[in-house]
Amino acid sequence: MVTVVDVTLIALLAGAATGIGALPILVTGRVSHRLYDGALGLAAGIMVGAAVFALVVPGLELGTLPEVTGGLLVGGGFLLAANWAIPHAHMLFGGSNGDEFPESSPVEAVDDDLRQAVLIGSSITIHNVPEGLAIGIAFASGFEEVGIALAGAIAVQNVPDGFAMAVPASQTGLSKAKTILYTTLSGAVPEPIAAAAGFALVAVVTGIFPVAAGFAAGAMMAVVFRELIPESHSHGYADTATITFILGFGIMVGVDVGLAV
């Protein structure tokens with residue numbers, strides 16, 4: 001039987017994937033915009049598929065339409081409220097055009113770069129809360145295969161998030177090792193805490209799964225449409241992002257069929 005410790009460790013691994021996104025700073029400051037936008041589109045498609053198949057559908061099977069729909073609305077509203085209330089920055093770099101992200105420039109405004117890195121770290125934290133909740137909710141409700149699929153999807157999405165934080169952080173004068181460490185912690189700290197909270201909530205409050213699943217799905221969808229899709233269209237490669245979005249959603253269709261969720 002899966003315990004809260006198991007769920008916390010799984011969410012920790014998914015959250016720590018932000019550190020993978022920071023690794024390119026070890027070798028280069030140039031990353032293809034097409035590749036970056038495609039990765040965001042893929043992550044967005046996987047996240048929407050995960051929200052639909054791993055949360056909304058099981059929620060409807062175990063609860064009522066008003067419960068799930070109400071959870072969706074509250075979850076989306078929560079994400080938008082958090083975006084408004086918590087200072088953060090959107091993960092946009094290199095302008096709207098161009099083939100690559102620029103090399104790190106000489107440090108001329110360390111305070112501005114540090115503020116940008118902190119704000120983006122706050123943005124990643126906002127995103128990881130509903131994601132962690134979703135993992136915890138799935139495992140606590142007995143959907144272990146769903147929980148594992150969610151964790152994998154979230155780990156994929158965390159990689160470009162980590163890159164977006166690492167770029168400005170690397171320009172503040174921080175060593176590369178510290179930049180990777182802090183980027184990893186930005187996902188590895190909030191996600192397991194939220195997963196443990198989601199697991200405990202469903203385990204303690206009987207019958208809350210339909211509402212909780214809707215809440216997590218609504219927050220995840222809000223992240224996709226508020227953050228990932230606009231970012232993936234910001235460098236002139238919207239077609240690439242659209243194709244990879246469909247591919248990501250298709251991957252989750254295959255996972256749904258394979259696991260018979």
# chains A, B, ... in the order shown; residues from 1 in each chain; ligands from 1
call {"tool": "select_by_dssp", "arguments": {"residues": "segment 15-260 of chain A", "states": "alpha helix (DSSP H)", "output": "JSON, numbers by chain"}}
result
{"A": [15, 18, 19, 20, 21, 22, 33, 34, 35, 36, 37, 38, 39, 40, 41, 42, 43, 44, 45, 46, 47, 48, 49, 50, 51, 57, 58, 59, 60, 61, 62, 65, 66, 67, 68, 69, 70, 71, 72, 73, 74, 75, 76, 77, 78, 79, 80, 81, 82, 83, 84, 85, 110, 111, 112, 113, 114, 115, 116, 117, 118, 119, 120, 121, 122, 123, 124, 125, 126, 127, 128, 129, 130, 131, 132, 133, 134, 135, 136, 137, 138, 139, 140, 144, 145, 146, 147, 148, 149, 150, 151, 152, 153, 154, 155, 156, 157, 158, 159, 160, 161, 162, 163, 164, 165, 166, 167, 168, 169, 176, 177, 178, 179, 180, 181, 182, 183, 184, 185, 186, 187, 188, 190, 191, 192, 193, 194, 195, 196, 197, 198, 199, 200, 201, 202, 203, 204, 209, 210, 211, 212, 213, 214, 215, 216, 217, 218, 219, 220, 221, 222, 223, 229, 230, 231, 232, 238, 239, 240, 241, 242, 243, 244, 245, 246, 247, 248, 249, 250, 251, 252, 253, 254, 255, 256, 257, 258, 259]}
call {"tool": "closest_atom_pairs", "arguments": {"of": "segment 188-254 of chain A", "to": "segment 128-137 of chain A", "cutoff": "9 Å", "atoms": "only C-alpha atoms", "output": "CSV"}}
result
residue,atom,partner,partner_atom,distance
A:Pro190,CA,A:Val129,CA,6.3
A:Glu191,CA,A:Gly132,CA,4.5
A:Pro192,CA,A:Gly132,CA,6.1
A:Ile193,CA,A:Gly132,CA,7.3
A:Ala194,CA,A:Gly132,CA,4.7
A:Ala195,CA,A:Gly132,CA,4.2
A:Ala196,CA,A:Gly136,CA,5.9
A:Ala197,CA,A:Leu133,CA,6.8
A:Gly198,CA,A:Leu133,CA,4.6
A:Phe199,CA,A:Gly136,CA,4.2
A:Ala200,CA,A:Gly136,CA,7.8
A:Leu201,CA,A:Ile137,CA,7.9
A:Val202,CA,A:Ile137,CA,6.2
A:Ala203,CA,A:Ile137,CA,8.6
A:Phe209,CA,A:Ile137,CA,7.1
A:Ala212,CA,A:Ile137,CA,7.1
A:Ala213,CA,A:Ile137,CA,6.8
A:Phe215,CA,A:Pro130,CA,8.1
A:Ala216,CA,A:Pro130,CA,5.3
A:Ala217,CA,A:Ala134,CA,7.5
A:Gly218,CA,A:Pro130,CA,8.8
A:Ala219,CA,A:Pro130,CA,5.9
A:Met220,CA,A:Pro130,CA,6.4
call {"tool": "closest_residue", "arguments": {"among": "A:Met221, A:Ala177, A:Ala166, A:Ile154", "to": "Ala17 of chain A", "atoms": "only C-alpha atoms"}}
result
A:Ile154
call {"tool": "closest_residue", "arguments": {"among": "A:Gln157, A:Thr64, A:Thr184, A:Ser141", "to": "Gly45 of chain A", "atoms": "only C-alpha atoms"}}
result
A:Gln157
call {"tool": "atom_distance", "arguments": {"atom1": "atom CA of Leu79 of chain A", "atom2": "atom CA of Gly38 of chain A"}}
result
23.9 Å
